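Below is data-v7.txt, which holds compact mmCIF, C-alpha atoms.
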# COMPACT_ATOMS: atom_id res chain seq x y z
CA MET A 19 69.87 -56.11 71.18
CA SER A 20 69.28 -54.75 74.63
CA SER A 21 66.16 -55.36 76.67
CA ARG A 22 64.38 -52.55 78.49
CA SER A 23 61.58 -53.00 80.98
CA ILE A 24 58.40 -50.97 80.93
CA THR A 25 56.52 -50.69 84.20
CA MET A 26 53.41 -48.80 85.06
CA PRO A 27 52.08 -49.86 88.50
CA ASP A 28 48.31 -49.43 88.45
CA ARG A 29 47.92 -48.58 92.12
CA GLU A 30 50.47 -45.76 92.04
CA LEU A 31 49.12 -43.88 89.04
CA SER A 32 45.84 -42.11 88.45
CA PHE A 33 43.38 -43.46 85.90
CA VAL A 34 44.30 -40.69 83.46
CA LYS A 35 48.03 -41.33 83.69
CA ARG A 36 47.60 -45.09 83.42
CA HIS A 37 45.68 -44.74 80.17
CA PHE A 38 47.07 -41.50 78.72
CA GLY A 39 50.39 -41.09 80.55
CA THR A 40 52.65 -41.52 77.52
CA ASP A 41 52.50 -40.13 74.02
CA VAL A 42 52.04 -43.56 72.48
CA LEU A 43 49.10 -44.30 74.80
CA ALA A 44 47.42 -40.96 74.15
CA ALA A 45 48.04 -41.29 70.41
CA GLY A 46 46.29 -44.65 70.24
CA TRP A 47 43.21 -43.41 72.08
CA LEU A 48 43.07 -40.25 69.96
CA LEU A 49 43.15 -42.32 66.78
CA LEU A 50 40.33 -44.49 68.11
CA LEU A 51 38.33 -41.39 69.04
CA ALA A 52 38.96 -40.04 65.55
CA THR A 53 37.47 -43.17 63.98
CA PHE A 54 34.31 -42.72 66.08
CA PHE A 55 33.94 -39.18 64.79
CA TYR A 56 34.52 -40.38 61.23
CA THR A 57 31.79 -42.97 61.63
CA ALA A 58 29.46 -40.25 62.93
CA TYR A 59 30.37 -38.13 59.91
CA SER A 60 29.70 -41.09 57.61
CA ILE A 61 26.24 -41.60 59.10
CA LEU A 62 25.40 -37.92 58.68
CA PHE A 63 26.74 -38.03 55.14
CA LEU A 64 24.57 -41.05 54.32
CA MET A 65 21.51 -39.23 55.68
CA GLU A 66 22.42 -36.20 53.55
CA MET A 67 22.83 -38.31 50.40
CA TRP A 68 19.74 -40.46 50.96
CA GLY A 69 17.58 -40.40 47.84
CA ASP A 70 20.25 -38.63 45.76
CA THR A 71 21.88 -40.01 42.60
CA PHE A 72 23.26 -43.55 42.66
CA PRO A 73 26.97 -42.56 42.72
CA ARG A 74 26.42 -40.33 45.74
CA VAL A 75 24.39 -42.92 47.64
CA PHE A 76 26.89 -45.64 46.74
CA PHE A 77 29.77 -43.50 47.98
CA ALA A 78 27.90 -42.76 51.22
CA TRP A 79 27.38 -46.46 51.95
CA ASP A 80 30.93 -47.22 50.84
CA ASN A 81 32.23 -44.55 53.20
CA LEU A 82 30.20 -45.87 56.13
CA ILE A 83 31.46 -49.43 55.69
CA ALA A 84 35.05 -48.19 55.48
CA SER A 85 34.57 -46.13 58.64
CA LEU A 86 33.56 -49.24 60.61
CA VAL A 87 36.76 -50.99 59.55
CA PHE A 88 38.69 -47.90 60.66
CA VAL A 89 37.06 -48.24 64.10
CA VAL A 90 38.33 -51.81 64.46
CA ALA A 91 41.81 -50.66 63.45
CA GLY A 92 41.54 -47.85 65.99
CA VAL A 93 40.88 -50.37 68.76
CA TYR A 94 44.15 -52.12 67.91
CA PHE A 95 46.04 -48.80 67.99
CA ALA A 96 44.54 -47.89 71.37
CA LEU A 97 45.41 -51.23 72.98
CA LEU A 98 48.92 -51.31 71.51
CA GLY A 99 50.08 -48.35 73.60
CA TYR A 100 49.97 -50.21 76.93
CA PRO A 101 53.32 -51.41 78.30
CA ALA A 102 52.42 -55.11 78.25
CA GLU A 103 51.26 -54.84 74.64
CA LEU A 104 54.41 -52.98 73.62
CA GLU A 105 56.56 -55.67 75.19
CA GLU A 106 54.53 -58.31 73.38
CA PHE A 107 54.98 -56.30 70.17
CA GLU A 108 58.75 -56.47 70.62
CA ARG A 109 58.71 -60.11 71.61
CA SER A 110 56.48 -61.20 68.72
CA SER A 111 58.59 -59.48 66.09
CA LEU A 112 62.10 -58.77 67.33
CA GLY A 113 62.57 -61.90 69.40
CA VAL A 114 60.98 -64.39 67.03
CA ASP A 115 62.62 -66.94 64.76
CA LEU A 116 61.54 -65.93 61.27
CA ASP A 117 61.78 -69.51 60.05
CA GLN A 118 59.07 -70.48 62.52
CA LEU A 119 56.57 -67.96 61.17
CA SER A 120 53.98 -68.78 58.55
CA TRP A 121 53.67 -66.68 55.41
CA ARG A 122 50.58 -64.98 56.84
CA GLU A 123 52.35 -64.12 60.10
CA LYS A 124 55.43 -62.74 58.34
CA TYR A 125 53.49 -60.25 56.26
CA PHE A 126 50.10 -59.68 57.89
CA THR A 127 49.47 -60.88 61.45
CA ALA A 128 52.76 -61.05 63.38
CA ASN A 129 51.80 -58.17 65.68
CA LYS A 130 48.83 -55.93 66.46
CA PHE A 131 50.42 -52.89 64.86
CA LEU A 132 50.80 -54.73 61.57
CA ILE A 133 47.19 -55.93 61.75
CA ALA A 134 45.94 -52.39 62.46
CA ILE A 135 47.83 -50.92 59.51
CA TRP A 136 46.56 -53.58 57.13
CA MET A 137 43.04 -52.77 58.33
CA PHE A 138 43.64 -49.13 57.45
CA ILE A 139 44.88 -50.18 54.01
CA PHE A 140 41.89 -52.50 53.55
CA ALA A 141 39.43 -49.79 54.61
CA CYS A 142 40.94 -47.35 52.12
CA GLY A 143 40.40 -49.95 49.42
CA PHE A 144 36.64 -49.37 49.55
CA TYR A 145 37.19 -45.99 47.91
CA TYR A 146 38.44 -47.65 44.73
CA ALA A 147 34.90 -48.92 44.21
CA ALA A 148 33.53 -45.40 44.68
CA GLY A 149 36.04 -44.03 42.17
CA ILE A 150 35.09 -46.63 39.57
CA VAL A 151 31.38 -45.88 40.05
CA TRP A 152 32.01 -42.15 39.55
CA ILE A 153 33.87 -42.88 36.31
CA ILE A 154 31.11 -45.19 35.04
CA TYR A 155 28.47 -42.56 35.78
CA GLY A 156 30.18 -39.82 33.81
CA GLN A 157 32.37 -38.11 36.41
CA PRO A 158 35.88 -39.21 35.36
CA LEU A 159 37.68 -36.35 37.13
CA VAL A 160 36.02 -37.18 40.44
CA GLY A 161 36.62 -40.89 39.90
CA VAL A 162 40.29 -40.54 39.02
CA THR A 163 40.79 -38.24 42.01
CA PHE A 164 39.33 -40.93 44.26
CA LEU A 165 41.56 -43.60 42.73
CA LEU A 166 44.77 -41.57 42.94
CA SER A 167 44.18 -40.26 46.47
CA THR A 168 43.29 -43.75 47.67
CA PHE A 169 46.44 -45.18 46.14
CA ALA A 170 48.56 -42.44 47.72
CA GLY A 171 47.04 -43.06 51.14
CA GLN A 172 47.56 -46.80 50.89
CA ALA A 173 51.15 -46.33 49.71
CA ALA A 174 51.92 -44.19 52.77
CA CYS A 175 50.34 -46.78 55.07
CA PHE A 176 52.25 -49.55 53.33
CA VAL A 177 55.53 -47.95 54.41
CA TRP A 178 54.36 -48.45 57.99
CA ALA A 179 53.20 -51.99 57.25
CA TYR A 180 56.51 -52.85 55.59
CA ALA A 181 58.43 -51.52 58.58
CA ALA A 182 56.28 -53.51 61.04
CA MET A 183 56.95 -56.87 59.39
CA PRO A 184 59.18 -58.99 61.67
CA ALA A 185 61.99 -59.43 59.15
CA ASN A 186 62.20 -55.68 58.60
CA MET A 187 61.99 -54.90 62.31
CA GLN A 188 64.97 -57.19 62.86
CA SER A 189 67.02 -55.45 60.16
CA ASN A 190 70.05 -53.35 61.11
CA ASP A 191 70.53 -55.26 64.37
CA GLY A 192 67.01 -54.53 65.55
CA ALA A 193 66.97 -50.85 64.62
CA GLY A 194 64.59 -51.55 61.74
CA SER A 195 64.82 -51.53 57.96
CA SER A 196 65.96 -48.35 56.25
CA VAL A 197 65.30 -49.08 52.58
CA LEU A 198 63.71 -45.73 51.71
CA TYR A 199 66.23 -43.65 53.64
CA ASP A 200 69.19 -45.51 52.13
CA THR A 201 67.71 -45.24 48.64
CA CYS A 202 66.62 -41.59 48.73
CA CYS A 203 69.24 -40.07 50.99
CA GLY A 204 71.74 -42.35 52.65
CA CYS A 205 73.49 -39.40 54.28
CA ASP A 206 75.14 -39.93 57.65
CA TRP A 207 73.72 -36.86 59.39
CA PRO A 208 72.94 -38.13 62.92
CA TRP A 209 70.07 -35.70 63.60
CA LEU A 210 68.26 -36.56 60.37
CA LYS A 211 68.99 -40.26 60.62
CA ALA A 212 67.58 -40.38 64.14
CA ARG A 213 64.25 -39.02 62.89
CA ILE A 214 63.69 -40.52 59.44
CA GLY A 215 66.54 -43.03 59.23
CA THR A 216 64.30 -46.10 59.30
CA ASP A 217 61.21 -47.04 57.33
CA ALA A 218 59.22 -46.96 60.58
CA LEU A 219 60.24 -43.39 61.39
CA LEU A 220 59.63 -42.26 57.83
CA GLY A 221 56.23 -43.95 57.94
CA ASN A 222 55.42 -41.91 61.05
CA TRP A 223 56.17 -38.70 59.16
CA LEU A 224 54.13 -39.71 56.12
CA PHE A 225 51.21 -40.54 58.40
CA PHE A 226 51.55 -37.20 60.19
CA ILE A 227 51.68 -35.21 56.93
CA ALA A 228 48.53 -36.93 55.68
CA CYS A 229 46.72 -36.33 58.99
CA PHE A 230 47.88 -32.72 59.14
CA GLY A 231 46.46 -32.20 55.66
CA ALA A 232 43.18 -33.71 56.81
CA GLY A 233 43.24 -31.37 59.80
CA CYS A 234 43.60 -28.34 57.52
CA TYR A 235 40.67 -29.59 55.43
CA GLY A 236 38.54 -30.06 58.56
CA PHE A 237 39.35 -26.53 59.72
CA ILE A 238 38.42 -25.02 56.35
CA TYR A 239 35.22 -27.10 56.29
CA VAL A 240 34.11 -25.67 59.66
CA LEU A 241 35.21 -22.19 58.69
CA PHE A 242 32.89 -22.13 55.68
CA GLN A 243 30.04 -24.17 57.20
CA PRO A 244 30.05 -23.38 60.94
CA ALA A 245 26.43 -24.50 61.40
CA SER A 246 26.98 -27.92 59.78
CA ALA A 247 27.08 -31.01 62.01
CA MET A 248 28.93 -32.81 59.22
CA ALA A 249 31.59 -30.11 59.20
CA TRP A 250 32.14 -30.35 62.95
CA THR A 251 32.33 -34.14 63.00
CA MET A 252 34.81 -34.02 60.13
CA PHE A 253 36.84 -31.42 62.01
CA ALA A 254 36.77 -33.51 65.20
CA PHE A 255 37.94 -36.55 63.23
CA ALA A 256 40.73 -34.66 61.48
CA ALA A 257 41.90 -32.81 64.59
CA ASN A 258 42.20 -36.01 66.60
CA MET A 259 44.05 -37.72 63.75
CA ALA A 260 46.47 -34.80 63.45
CA LEU A 261 47.18 -34.68 67.18
CA GLY A 262 47.45 -38.45 67.45
CA SER A 263 49.89 -38.68 64.55
CA TYR A 264 51.98 -35.88 66.09
CA LEU A 265 52.16 -37.80 69.35
CA TYR A 266 53.46 -40.81 67.43
CA LEU A 267 56.25 -38.59 66.11
CA ARG A 268 57.10 -37.57 69.67
CA ALA A 269 56.88 -41.15 70.92
CA PHE A 270 59.72 -42.27 68.65
CA ASP A 271 61.78 -39.08 68.51
CA PRO A 272 65.09 -39.62 70.39
CA GLU A 273 64.62 -36.43 72.41
CA THR A 274 61.06 -37.16 73.55
CA ALA A 275 60.79 -40.96 73.27
CA GLY A 276 58.71 -42.40 76.07
CA GLY A 277 57.60 -38.99 77.30
CA SER A 278 54.26 -37.25 77.33
CA LEU A 279 53.19 -33.99 75.74
CA PHE A 280 50.53 -33.63 78.43
CA PHE A 281 52.36 -34.85 81.57
CA GLY A 282 56.00 -34.19 80.78
CA ASP A 283 58.78 -36.65 80.17
CA SER A 284 59.01 -38.02 83.69
CA ILE A 285 56.28 -39.67 85.75
CA GLU A 286 57.29 -41.27 89.02
CA GLY A 287 56.97 -45.04 88.91
CA VAL A 288 56.99 -45.28 85.14
CA ASP A 289 59.99 -46.54 83.19
CA LYS A 290 59.50 -45.11 79.72
CA SER A 291 62.93 -44.65 78.19
CA PRO A 292 62.44 -45.72 75.50
CA LEU A 293 59.08 -47.40 75.17
CA ILE A 294 60.04 -49.68 72.34
CA HIS A 295 62.88 -50.52 69.99
CA TYR A 296 60.66 -50.05 66.94
CA GLY A 297 62.30 -47.43 64.77
CA ALA A 298 65.00 -46.63 67.31
CA THR A 299 68.62 -47.66 67.46
CA SER A 300 69.27 -50.50 69.87
CA SER A 301 72.53 -51.68 71.27
CA ALA A 302 73.90 -55.12 70.65

Written form, structure tokens:
Amino acid sequence: MSSRSITMPDRELSFVKRHFGTDVLAAGWLLLLATFFYTAYSILFLMEMWGDTFPRVFFAWDNLIASLVFVVAGVYFALLGYPAELEEFERSSLGVDLDQLSWREKYFTANKFLIAIWMFIFACGFYYAAGIVWIIYGQPLVGVTFLLSTFAGQAACFVWAYAAMPANMQSNDGAGSSVLYDTCCGCDWPWLKARIGTDALLGNWLFFIACFGAGCYGFIYVLFQPASAMAWTMFAFAANMALGSYLYLRAFDPETAGGSLFFGDSIEGVDKSPLIHYGATSSA
């Protein structure tokens, strides 16, 4: 496995480029910003539901608590995009002896990305409680919808979590595990394999599809309720999630890896090709 340096000299780059100069940096900050908007939405939603029926109030509180966990996960995503953190990400997962890791480290805490994803999965888990309450209080369709959508969201996130586990990152000579691709497709088409050929890359796409769907919902919400603060905070949340998830796709696409949608693929003084081995083919 080859080793690539990542340098970003602080004194030679502007503040904006130091913190948003690559797609992976911008994506992390956009996801964090999205969680702030979702928390704002949750507060407005709780105010709207205050004094309503128990299932609605319970869901509002449930939603607010989940949003705070999302914020913590967003902080991890934002910090992970910096060169030093990316190198530590590689070192803590690709360069580690698996036999020296504890069970908790292997599956949950080996790197910040893995921790952030598990936080997303944990936060989604709060909606199971809301679904059960809806069923108990005579709204089975609403409750089952909550349960199924929560499970689907967690399943998509789990693909990311699975790919970020050290053993799976070390699979295929450091290119990353490819269980889903090998099982569902297995074709040797270079273009397709370069984009969804590992569990990490496929996880990126699943995350983007989910966020794009949320973005469409946010747009429709604003379209029908343009005077609603809740609608605009939901739209801001969804739009930032959609853009952030798209930047993650760019960050690990072989044609744009290490580049920037906003600043181009070349910034003087910054070695960004590629940013990280995660999900990309590496040479022995």

So how many Å separate CA of Pro101 in chain A and CA of Phe138 in chain A, to one decimal?
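Atom-to-atom, CA of Pro101 in chain A and CA of Phe138 in chain A are spaced 23.1 Å apart.
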
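Note that the spacing between CA of Cys229 in chain A and CA of Ala84 in chain A amounts to 17.0 Å.
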
Let me make sure I understand: among A:Ala228, A:Ala247, A:Ala193, A:Leu241, which one has the smallest atom-to-atom distance to Tyr264 in chain A if we use only C-alpha atoms?
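Counting only C-alpha atoms, the residue closest to Tyr264 in chain A is A:Ala228.
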
Using all atoms listed in the file, which of the listed residues (A:Trp47, A:Phe237, A:Phe33, A:Phe255) sits closest to Leu98 in chain A?
A:Trp47

Set up a box along x, y and z of the file covering all listed atoms of range 168-187 of chain A, add 3 Å on every one of the six sides, and write the centre and edge lengths in Å to one decimal, as JSON.
{"center_x": 52.7, "center_y": -50.9, "center_z": 54.2, "size_x": 24.9, "size_y": 23.0, "size_z": 22.2}

Between CA of Tyr145 in chain A and CA of Phe77 in chain A, what distance in Å does the model show, to one decimal?
7.8 Å

For a quick check of understanding, using only C-alpha atoms, which of A:Ser120, A:Ser32, A:Thr201, A:Asn190 has the smallest distance to Phe281 in chain A?
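Selected residue with least distance to Phe281 in chain A: A:Ser32.
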
Around the point (43.2, -40.1, 73.0) in the file's coordinates, collect all residues with an atom within 10 Å, using only C-alpha atoms, and return them as a compact mmCIF listing (two decimals) with C-alpha atoms, in the coordinates of the input.
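Okay, selection_11.txt is ready:
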# COMPACT_ATOMS: atom_id res chain seq x y z
CA HIS A 37 45.68 -44.74 80.17
CA PHE A 38 47.07 -41.50 78.72
CA ASP A 41 52.50 -40.13 74.02
CA VAL A 42 52.04 -43.56 72.48
CA LEU A 43 49.10 -44.30 74.80
CA ALA A 44 47.42 -40.96 74.15
CA ALA A 45 48.04 -41.29 70.41
CA GLY A 46 46.29 -44.65 70.24
CA TRP A 47 43.21 -43.41 72.08
CA LEU A 48 43.07 -40.25 69.96
CA LEU A 49 43.15 -42.32 66.78
CA LEU A 50 40.33 -44.49 68.11
CA LEU A 51 38.33 -41.39 69.04
CA ALA A 52 38.96 -40.04 65.55
CA ALA A 96 44.54 -47.89 71.37
CA ASN A 258 42.20 -36.01 66.60
CA MET A 259 44.05 -37.72 63.75
CA LEU A 261 47.18 -34.68 67.18
CA GLY A 262 47.45 -38.45 67.45
CA LEU A 265 52.16 -37.80 69.35

So that I can see what lies close to Ala254 in chain A, please list as an mmCIF file with C-alpha atoms, in the frame of the given file the residues with an atom at most 10 Å from it, counting all atoms listed in the file and leaving out residues fewer than 2 positions away in the same chain.
data_model
loop_
_atom_site.group_PDB
_atom_site.id
_atom_site.type_symbol
_atom_site.label_atom_id
_atom_site.label_comp_id
_atom_site.auth_asym_id
_atom_site.auth_seq_id
_atom_site.Cartn_x
_atom_site.Cartn_y
_atom_site.Cartn_z
ATOM 1 C CA LEU A 51 38.330 -41.390 69.040
ATOM 2 C CA ALA A 52 38.960 -40.040 65.550
ATOM 3 C CA THR A 53 37.470 -43.170 63.980
ATOM 4 C CA PHE A 54 34.310 -42.720 66.080
ATOM 5 C CA PHE A 55 33.940 -39.180 64.790
ATOM 6 C CA TYR A 56 34.520 -40.380 61.230
ATOM 7 C CA TYR A 59 30.370 -38.130 59.910
ATOM 8 C CA GLY A 233 43.240 -31.370 59.800
ATOM 9 C CA GLY A 236 38.540 -30.060 58.560
ATOM 10 C CA PHE A 237 39.350 -26.530 59.720
ATOM 11 C CA VAL A 240 34.110 -25.670 59.660
ATOM 12 C CA MET A 248 28.930 -32.810 59.220
ATOM 13 C CA ALA A 249 31.590 -30.110 59.200
ATOM 14 C CA TRP A 250 32.140 -30.350 62.950
ATOM 15 C CA THR A 251 32.330 -34.140 63.000
ATOM 16 C CA MET A 252 34.810 -34.020 60.130
ATOM 17 C CA ALA A 256 40.730 -34.660 61.480
ATOM 18 C CA ALA A 257 41.900 -32.810 64.590
ATOM 19 C CA ASN A 258 42.200 -36.010 66.600
ATOM 20 C CA MET A 259 44.050 -37.720 63.750
ATOM 21 C CA ALA A 260 46.470 -34.800 63.450
#

Just checking: using all atoms listed in the file, which residue out of A:Ala269, A:Ala78, A:Ala181, A:Leu86 ends up closest to Arg213 in chain A?
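Under the stated criterion, the closest residue is A:Ala269.
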
Between A:Gly276, A:Pro184, A:Gly171, A:Gly194, which has the minimum distance to Phe126 in chain A (counting all atoms listed in the file)?
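Comparing A:Gly276, A:Pro184, A:Gly171, A:Gly194 against Phe126 in chain A, the winner is A:Pro184.
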